[in-house]
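Scroll down for the structure; my scribbles are underneath it.
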Amino acid sequence: MSKQIQDAYIVAATRLPVAKRQGMYRHVRPDDMLARVIQGVLAQAPGLDPRRIGDVIVGCAMPEAEQGMNVARIGLLLAGLPDSVPGLTINRFCASGLQAVADAANRIRLGEADVMIAAGTESMSVMPQIMGNKVAMNPAILANAEHLGIAYGMGLTAEKVAQRWQVSREDQDAFALASHQKACAAIAAGHFAAEITPHLVREQLPDLSSGAVRVREFTAEVDEGPRADASPATLAKLRPVFHARGSVTAGNSSQMSDGAGAVLLVSEKVLKAFNLTPLARFAGFAVRGVAPDVMGIGPVAAIPEALAQAGIGASALDWIELNEAFAAQSLAVIRALDLDPSRINPLGGAIALGHPLGATGAIRTATVVHGLQRTGGRYGMVTMCIGTGMGAAGIFERL
């Protein structure tokens with residue numbers, strides 16, 4: 001007998017303040033970041049028995065070294081969850097955190113679980129090889145398979161998108177400046193307060209003069225990336241970093257970052273049993289492939305399908321979190337789908353706030369559901385391009 005699909009509800013969502021690479025989390029392990037957001041998201045649902053959690057699904061784009069060994073299971077144990085709670089680490093590059101949310105929601109929708117945690121964690125400080133310090137790609141691909149686009153660095157794919165969709169350097173810099181301005185204004189207004197779990201950082205540093213170990217503690221409460229001093233002049237001075245005659249610079253690209261986010265999802269049965277108030281209903285998700293050499297255009301393929309699943313059109317979206325991998329690809333996506341710029345990244349995006357890869361989807365889910373609650377919007381979307389040529393989009397409905 002077939003089962004009826006049931007709804008999955010987000011009842012809590014949180015994230016840590018995002019840090020610059022080698023910034024305030026340079027001595028913080030990714031599994032510790034994960035443990036903190038798991039604790040933070042459960043704190044938003046007091047009274048819920050953690051033994052009811054069916055699984056903890058965690059996105060991580062580089063699940064190795066300090067964030068390897070199934071970081072999901074390690075993180076949940078560090079968070080103090082019961083031994084009975086399992087953990088699963090998944091990887092869909094930049095969409096890993098959003099994929100975790102979708103997979104967790106689908107477990108509930110299929111009736112396989114009633115309580116799920118979806119999360120993401122990524123430390124780009126401890127994973128330097130992702131920036132090219134080590135060659136992880138198959139040398140045969142680099143030497144012989146450029147036509148597949150896999151050999152292109154992300155910056156070169158952004159250059160190709162800028163060329164093909166005719167996105168000027170001036171437009172890219174203006175988009176980047178707006179990201180910083182919106183993020184700084186959001187911080188000043190306290191708009192991130194509801195979604196952020198502060199993180200106490202404790203560092204043990206050697207004092208070479210005395211031979212003693214110096215302990216330094218501080219609480220991370222604010223995103224580290226946004227720059228109040230960003231200006232058209234400072235952005236215009238930056239040179240292209242991926243192509244000698246290109247337009248993609250460090251200033252109009254996403255920041256390398258460390259961070260974590262988590263989302264708590266439940267079935268209607270648990271919603272009623274524990275008298276929980278839903279923030280949003282999971283309404284749809286899609287992921288699609290595109291040519292790898294223009295990977296930034298991926299959302300153009302994914303968004304229409306996600307909207308169709310949710311049964312709405314793009315005009316119904318009140319809030320769009322479009323991950324700003326590069327200003328070039330963000331603008332190309334906006335123009336190709338004729339999206340309303342006023343609804344995109346109202347609090348700034350990855351150019352200002354950072355992009356901790358596999359954590360970003362979970363982080364931006366927290367932003368969109370809390371943003372909808374604060375503003376009274378109904379539908380929100382999280383979407384991003386994905387390395388090697390994919391795009392993902394998830395739709396959420398405020399209740």
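Every chain in the structure tokens takes a letter, A first, then B, and so on in the order presented; its residues are numbered from 1, and the ligands are numbered from 1 following the presented order.
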- Which of segment 28-217 of chain A fall in helix (DSSP H, G or I), as a PyMOL selection string: chain A and resi 30-43+50-52+65-67+71-78+96-109+128-131+139-144+146-148+154-164+169-189
- Task: Extract, using only C-alpha atoms, all DNA, RNA and protein residues at most 8 Å from Glu321 of chain A, discarding same-chain residues fewer than 3 positions from it, and format them as a list in words.
- Result: Ile344, Asn345, Gly349, Arg364, Val368, Gly380, Met381, Val382 and Thr383 of chain A
- Item | Spatial neighbours of Ala65 of chain A, 10 Å, only C-alpha atoms, chain gap at least 6 places, as a PyMOL selection string | chain A and resi 71+126-127
- When you draw a straight line from atom CA of Ala19 of chain A to atom CA of Phe326 of chain A, how long is it in Å? 18.4 Å
- Query: How would you write, as a ChimeraX atom specification, the set of residues in segment 5-248 of chain A that DSSP gives as strand (DSSP E)?
  - Reply: /A:9-15,19-20,53-59,87-90,115-123,199-207,212-220
Keeping only C-alpha atoms, take the residues you just selected and write them out as a CSV table (one decimal), in the first residue's frame.
```csv
chain,number,residue,atom,x,y,z
A,9,TYR,CA,8.3,21.6,8.8
A,10,ILE,CA,11.3,23.7,9.9
A,11,VAL,CA,10.8,24.5,13.6
A,12,ALA,CA,14.3,25.9,14.2
A,13,ALA,CA,17.2,27.2,12.2
A,14,THR,CA,20.5,28.8,13.2
A,15,ARG,CA,24.1,29.5,12.2
A,19,ALA,CA,34.4,34.0,9.7
A,20,LYS,CA,37.0,35.0,7.1
A,53,ILE,CA,16.0,12.5,16.1
A,54,GLY,CA,16.1,10.0,13.2
A,55,ASP,CA,19.3,11.2,11.7
A,56,VAL,CA,21.7,14.2,11.5
A,57,ILE,CA,22.6,14.9,7.8
A,58,VAL,CA,25.5,17.2,7.4
A,59,GLY,CA,26.8,18.8,4.2
A,87,GLY,CA,24.9,10.8,11.5
A,88,LEU,CA,25.5,11.1,7.8
A,89,THR,CA,27.9,13.3,5.9
A,90,ILE,CA,27.1,14.2,2.3
A,115,VAL,CA,12.6,14.5,13.6
A,116,MET,CA,15.7,15.3,11.5
A,117,ILE,CA,18.6,17.7,11.8
A,118,ALA,CA,20.1,19.0,8.6
A,119,ALA,CA,23.4,21.0,8.8
A,120,GLY,CA,26.5,22.0,7.1
A,121,THR,CA,30.1,22.8,8.3
A,122,GLU,CA,33.2,23.9,6.5
A,123,SER,CA,36.5,25.3,7.5
A,199,HIS,CA,30.2,30.9,19.5
A,200,LEU,CA,32.7,31.1,22.4
A,201,VAL,CA,36.2,30.7,20.9
A,202,ARG,CA,38.9,29.5,23.2
A,203,GLU,CA,42.5,29.7,21.9
A,204,GLN,CA,45.6,28.3,23.5
A,205,LEU,CA,48.6,30.2,22.2
A,206,PRO,CA,52.3,29.8,23.0
A,207,ASP,CA,54.1,32.6,24.7
A,212,ALA,CA,53.9,29.4,29.0
A,213,VAL,CA,50.6,28.8,27.2
A,214,ARG,CA,48.4,31.9,26.9
A,215,VAL,CA,44.6,31.4,26.8
A,216,ARG,CA,42.5,33.8,24.9
A,217,GLU,CA,38.7,33.7,24.9
A,218,PHE,CA,36.2,35.8,23.0
A,219,THR,CA,32.7,35.4,21.7
A,220,ALA,CA,32.0,35.5,18.0
```
Give me the residues within 10 Å of Gly246 of chain A as a compact mmCIF listing (two decimals) with N, CA and C atoms, in the first residue's frame, counting only C-alpha atoms and dropping any in the same chain fewer than 4 places off.
```
# COMPACT_ATOMS: atom_id res chain seq x y z
N GLY A 155 37.15 30.53 -10.93
CA GLY A 155 37.27 31.89 -11.43
C GLY A 155 37.18 31.98 -12.94
N LEU A 156 37.76 31.00 -13.62
CA LEU A 156 37.68 31.00 -15.09
C LEU A 156 36.28 30.72 -15.58
N ALA A 158 33.67 31.74 -14.08
CA ALA A 158 33.00 33.03 -13.91
C ALA A 158 33.34 33.98 -15.05
N GLU A 159 34.59 33.94 -15.49
CA GLU A 159 34.98 34.78 -16.63
C GLU A 159 34.20 34.37 -17.88
N LYS A 160 34.02 33.08 -18.06
CA LYS A 160 33.27 32.62 -19.23
C LYS A 160 31.81 33.04 -19.17
N ALA A 162 30.71 35.72 -17.58
CA ALA A 162 30.70 37.16 -17.80
C ALA A 162 30.77 37.48 -19.30
N GLN A 163 31.59 36.72 -20.02
CA GLN A 163 31.72 36.96 -21.45
C GLN A 163 30.46 36.56 -22.20
N SER A 168 29.32 43.23 -17.41
CA SER A 168 30.47 44.12 -17.40
C SER A 168 31.16 44.15 -16.05
N ARG A 169 32.41 44.60 -16.05
CA ARG A 169 33.17 44.78 -14.80
C ARG A 169 32.45 45.80 -13.92
N ARG A 239 42.77 44.20 -9.43
CA ARG A 239 43.07 43.60 -10.73
C ARG A 239 42.36 42.25 -10.88
N PRO A 240 42.05 41.86 -12.12
CA PRO A 240 41.51 40.52 -12.36
C PRO A 240 42.50 39.47 -11.84
N VAL A 241 41.98 38.41 -11.27
CA VAL A 241 42.86 37.40 -10.67
C VAL A 241 42.84 36.07 -11.41
N PHE A 242 41.93 35.92 -12.38
CA PHE A 242 41.83 34.63 -13.06
C PHE A 242 42.19 34.70 -14.54
```
- Item | Test item: residues at most 12 Å from Thr367 of chain A, only C-alpha atoms, excluding those fewer than 5 positions along its chain, as a PyMOL selection string | chain A and resi 12-17+186+191-196+261-263+279-280+319-323+345-349+353+360-362+372-375+380-382+396
Any chance you can output those residues with N, CA and C atoms as a short mmCIF file (atom, residue, chain, number, x, y, z; two decimals), in the first residue's frame?
```
data_model
loop_
_atom_site.label_atom_id
_atom_site.label_comp_id
_atom_site.auth_asym_id
_atom_site.auth_seq_id
_atom_site.Cartn_x
_atom_site.Cartn_y
_atom_site.Cartn_z
N ALA A 12 13.18 25.17 13.72
CA ALA A 12 14.33 25.92 14.25
C ALA A 12 15.41 25.96 13.18
N ALA A 13 16.14 27.06 13.15
CA ALA A 13 17.24 27.21 12.19
C ALA A 13 18.23 28.22 12.75
N THR A 14 19.50 27.87 12.68
CA THR A 14 20.51 28.78 13.24
C THR A 14 21.82 28.61 12.50
N ARG A 15 22.72 29.52 12.79
CA ARG A 15 24.06 29.46 12.21
C ARG A 15 25.03 30.18 13.13
N LEU A 16 26.30 29.91 12.94
CA LEU A 16 27.33 30.69 13.60
C LEU A 16 27.61 31.95 12.79
N PRO A 17 28.14 33.00 13.41
CA PRO A 17 28.67 34.10 12.61
C PRO A 17 29.74 33.53 11.66
N ALA A 186 22.32 45.45 7.61
CA ALA A 186 21.61 44.39 8.33
C ALA A 186 22.22 44.15 9.69
N HIS A 191 19.35 42.54 12.20
CA HIS A 191 18.51 41.61 11.46
C HIS A 191 19.01 40.16 11.50
N PHE A 192 20.28 39.96 11.82
CA PHE A 192 20.80 38.59 11.89
C PHE A 192 20.66 37.97 13.28
N ALA A 193 20.21 38.76 14.25
CA ALA A 193 20.23 38.30 15.65
C ALA A 193 19.46 37.01 15.85
N ALA A 194 18.29 36.87 15.23
CA ALA A 194 17.45 35.69 15.46
C ALA A 194 18.06 34.42 14.90
N GLU A 195 18.87 34.55 13.86
CA GLU A 195 19.41 33.35 13.22
C GLU A 195 20.80 32.96 13.72
N ILE A 196 21.46 33.82 14.48
CA ILE A 196 22.84 33.57 14.88
C ILE A 196 22.92 32.96 16.28
N GLY A 261 25.93 25.85 9.95
CA GLY A 261 24.52 26.15 10.14
C GLY A 261 23.76 24.86 10.36
N ALA A 262 22.58 24.96 10.97
CA ALA A 262 21.76 23.77 11.24
C ALA A 262 20.29 24.12 11.19
N VAL A 263 19.49 23.13 10.78
CA VAL A 263 18.05 23.28 10.64
C VAL A 263 17.39 22.07 11.28
N LEU A 279 8.46 27.46 11.61
CA LEU A 279 8.94 28.65 10.93
C LEU A 279 8.57 28.61 9.45
N ALA A 280 8.63 27.41 8.88
CA ALA A 280 8.37 27.28 7.45
C ALA A 280 8.08 25.83 7.11
N TRP A 319 11.46 36.39 -1.01
CA TRP A 319 12.85 36.48 -0.52
C TRP A 319 13.67 35.43 -1.27
N ILE A 320 14.76 35.86 -1.88
CA ILE A 320 15.62 34.94 -2.63
C ILE A 320 17.05 35.05 -2.10
N GLU A 321 17.55 33.95 -1.58
CA GLU A 321 18.96 33.87 -1.19
C GLU A 321 19.72 33.22 -2.33
N LEU A 322 20.29 34.05 -3.19
CA LEU A 322 21.08 33.58 -4.34
C LEU A 322 22.55 33.66 -3.95
N ASN A 323 23.18 32.52 -3.78
CA ASN A 323 24.56 32.52 -3.31
C ASN A 323 25.47 33.24 -4.31
N ASN A 345 18.86 38.59 -1.93
CA ASN A 345 19.85 38.86 -0.89
C ASN A 345 19.61 40.20 -0.20
N PRO A 346 18.45 40.37 0.44
CA PRO A 346 18.15 41.65 1.09
C PRO A 346 19.15 42.04 2.17
N LEU A 347 19.84 41.04 2.75
CA LEU A 347 20.81 41.33 3.81
C LEU A 347 22.25 41.15 3.34
N GLY A 348 22.45 41.17 2.03
CA GLY A 348 23.78 40.93 1.49
C GLY A 348 23.98 39.45 1.19
N GLY A 349 25.05 39.16 0.47
CA GLY A 349 25.32 37.78 0.07
C GLY A 349 26.76 37.38 0.32
N LEU A 353 29.27 38.42 3.04
CA LEU A 353 29.08 37.58 4.23
C LEU A 353 29.93 36.31 4.21
N THR A 360 27.10 26.59 3.40
CA THR A 360 26.35 27.75 2.94
C THR A 360 24.86 27.47 2.79
N GLY A 361 24.48 26.33 2.26
CA GLY A 361 23.07 26.03 2.06
C GLY A 361 22.28 26.02 3.35
N ALA A 362 22.85 25.45 4.41
CA ALA A 362 22.18 25.44 5.71
C ALA A 362 22.16 26.84 6.32
N LEU A 372 11.79 35.68 6.39
CA LEU A 372 10.36 35.62 6.09
C LEU A 372 9.53 35.87 7.34
N GLN A 373 9.98 35.33 8.46
CA GLN A 373 9.26 35.55 9.71
C GLN A 373 9.26 37.03 10.09
N ARG A 374 10.40 37.67 9.92
CA ARG A 374 10.52 39.07 10.33
C ARG A 374 9.73 40.00 9.42
N THR A 375 9.68 39.69 8.13
CA THR A 375 9.06 40.60 7.16
C THR A 375 7.63 40.22 6.78
N GLY A 380 10.10 31.78 0.16
CA GLY A 380 11.51 32.11 0.03
C GLY A 380 12.25 31.00 -0.69
N MET A 381 13.40 31.34 -1.26
CA MET A 381 14.19 30.37 -2.00
C MET A 381 15.66 30.52 -1.66
N VAL A 382 16.34 29.38 -1.57
CA VAL A 382 17.80 29.34 -1.46
C VAL A 382 18.31 28.66 -2.72
N PHE A 396 10.84 27.41 0.34
CA PHE A 396 10.29 27.31 1.70
C PHE A 396 9.09 28.25 1.81
#
```
- Message: Applying 12 Å and only C-alpha atoms, which residues near Gly311 of chain A remain after dropping the ones on its own chain fewer than 4 positions away? List them as a list in words.
- Response: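 Everything that qualifies: Ala283, Gly284, Phe285, Pro304, Glu305, Ala306, Leu307, Ser315, Ala316, Leu317, Tyr379, Ile395, Phe396 and Glu397 of chain A.
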- Message: Under the rule that only C-alpha atoms are counted, which of A:Val18, A:Leu264, A:Ile312, A:Val369 is the nearest residue to Gln44 of chain A?
- Response: A:Leu264
Excluding same-chain residues fewer than 6 positions from Asp49 of chain A, what lies within 12 Å of it counting only C-alpha atoms, as an mmCIF file with N, CA and C atoms, in the first residue's frame?
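That gives us out14.cif:
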```cif
data_model
loop_
_atom_site.group_PDB
_atom_site.id
_atom_site.type_symbol
_atom_site.label_atom_id
_atom_site.label_comp_id
_atom_site.auth_asym_id
_atom_site.auth_seq_id
_atom_site.Cartn_x
_atom_site.Cartn_y
_atom_site.Cartn_z
ATOM 1 N N LEU A 42 18.815 22.959 18.672
ATOM 2 C CA LEU A 42 17.974 22.249 19.643
ATOM 3 C C LEU A 42 17.520 23.180 20.760
ATOM 4 N N ALA A 43 18.331 24.182 21.081
ATOM 5 C CA ALA A 43 17.947 25.149 22.110
ATOM 6 C C ALA A 43 16.729 25.956 21.680
ATOM 7 N N LEU A 81 24.461 14.700 21.869
ATOM 8 C CA LEU A 81 23.264 13.952 21.520
ATOM 9 C C LEU A 81 23.408 12.495 21.965
ATOM 10 N N PRO A 82 22.288 11.816 22.167
ATOM 11 C CA PRO A 82 22.353 10.404 22.589
ATOM 12 C C PRO A 82 23.092 9.533 21.574
ATOM 13 N N VAL A 85 21.508 8.375 18.193
ATOM 14 C CA VAL A 85 21.276 9.249 17.038
ATOM 15 C C VAL A 85 22.386 9.031 16.010
ATOM 16 N N ASP A 114 10.461 11.283 11.941
ATOM 17 C CA ASP A 114 9.613 12.372 12.415
ATOM 18 C C ASP A 114 10.408 13.593 12.856
ATOM 19 N N VAL A 115 11.684 13.384 13.168
ATOM 20 C CA VAL A 115 12.554 14.488 13.582
ATOM 21 C C VAL A 115 13.900 14.312 12.889
ATOM 22 N N MET A 116 14.378 15.359 12.244
ATOM 23 C CA MET A 116 15.659 15.314 11.544
ATOM 24 C C MET A 116 16.406 16.623 11.760
ATOM 25 N N VAL A 266 10.617 18.637 11.442
ATOM 26 C CA VAL A 266 9.755 17.642 12.092
ATOM 27 C C VAL A 266 8.523 17.384 11.237
ATOM 28 N N VAL A 270 4.847 15.324 15.250
ATOM 29 C CA VAL A 270 5.733 15.850 16.289
ATOM 30 C C VAL A 270 5.415 17.319 16.560
ATOM 31 N N ALA A 273 2.571 17.087 18.916
ATOM 32 C CA ALA A 273 2.887 16.399 20.176
ATOM 33 C C ALA A 273 3.712 17.264 21.110
ATOM 34 N N PHE A 274 4.612 18.087 20.547
ATOM 35 C CA PHE A 274 5.495 18.913 21.373
ATOM 36 C C PHE A 274 5.109 20.392 21.326
#
```
- Quick one: pull the distance between atom CA of Gly387 of chain A and atom CA of Asn70 of chain A, Å, one decimal.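 It comes out at 21.7 Å.
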- Task: Pick out the closest residue to Ala8 of chain A from this set: A:Pro278, A:Gly40, A:Gly251, A:Gly80. Count only C-alpha atoms.
- Result: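 Nearest candidate to Ala8 of chain A out of A:Pro278, A:Gly40, A:Gly251, A:Gly80: A:Pro278.
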- Nearest to Ser253 of chain A by atom-to-atom distance, counting only C-alpha atoms, from A:Gln6, A:Ser179, A:Ser267, A:Ser96: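 Residue with the minimum atom-to-atom distance to Ser253 of chain A: A:Ser179.
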- Enter the distance from atom CA of Ala325 of chain A to atom CA of Glu170 of chain A, in Å, rounded to one decimal.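 Computed distance, atom CA of Ala325 of chain A to atom CA of Glu170 of chain A, equals 17.1 Å.
In this comparison, which uses only C-alpha atoms, the residue of A:Ala366, A:Met62, A:Ile386, A:Ala189 approaching Asp293 of chain A most closely is A:Ile386.
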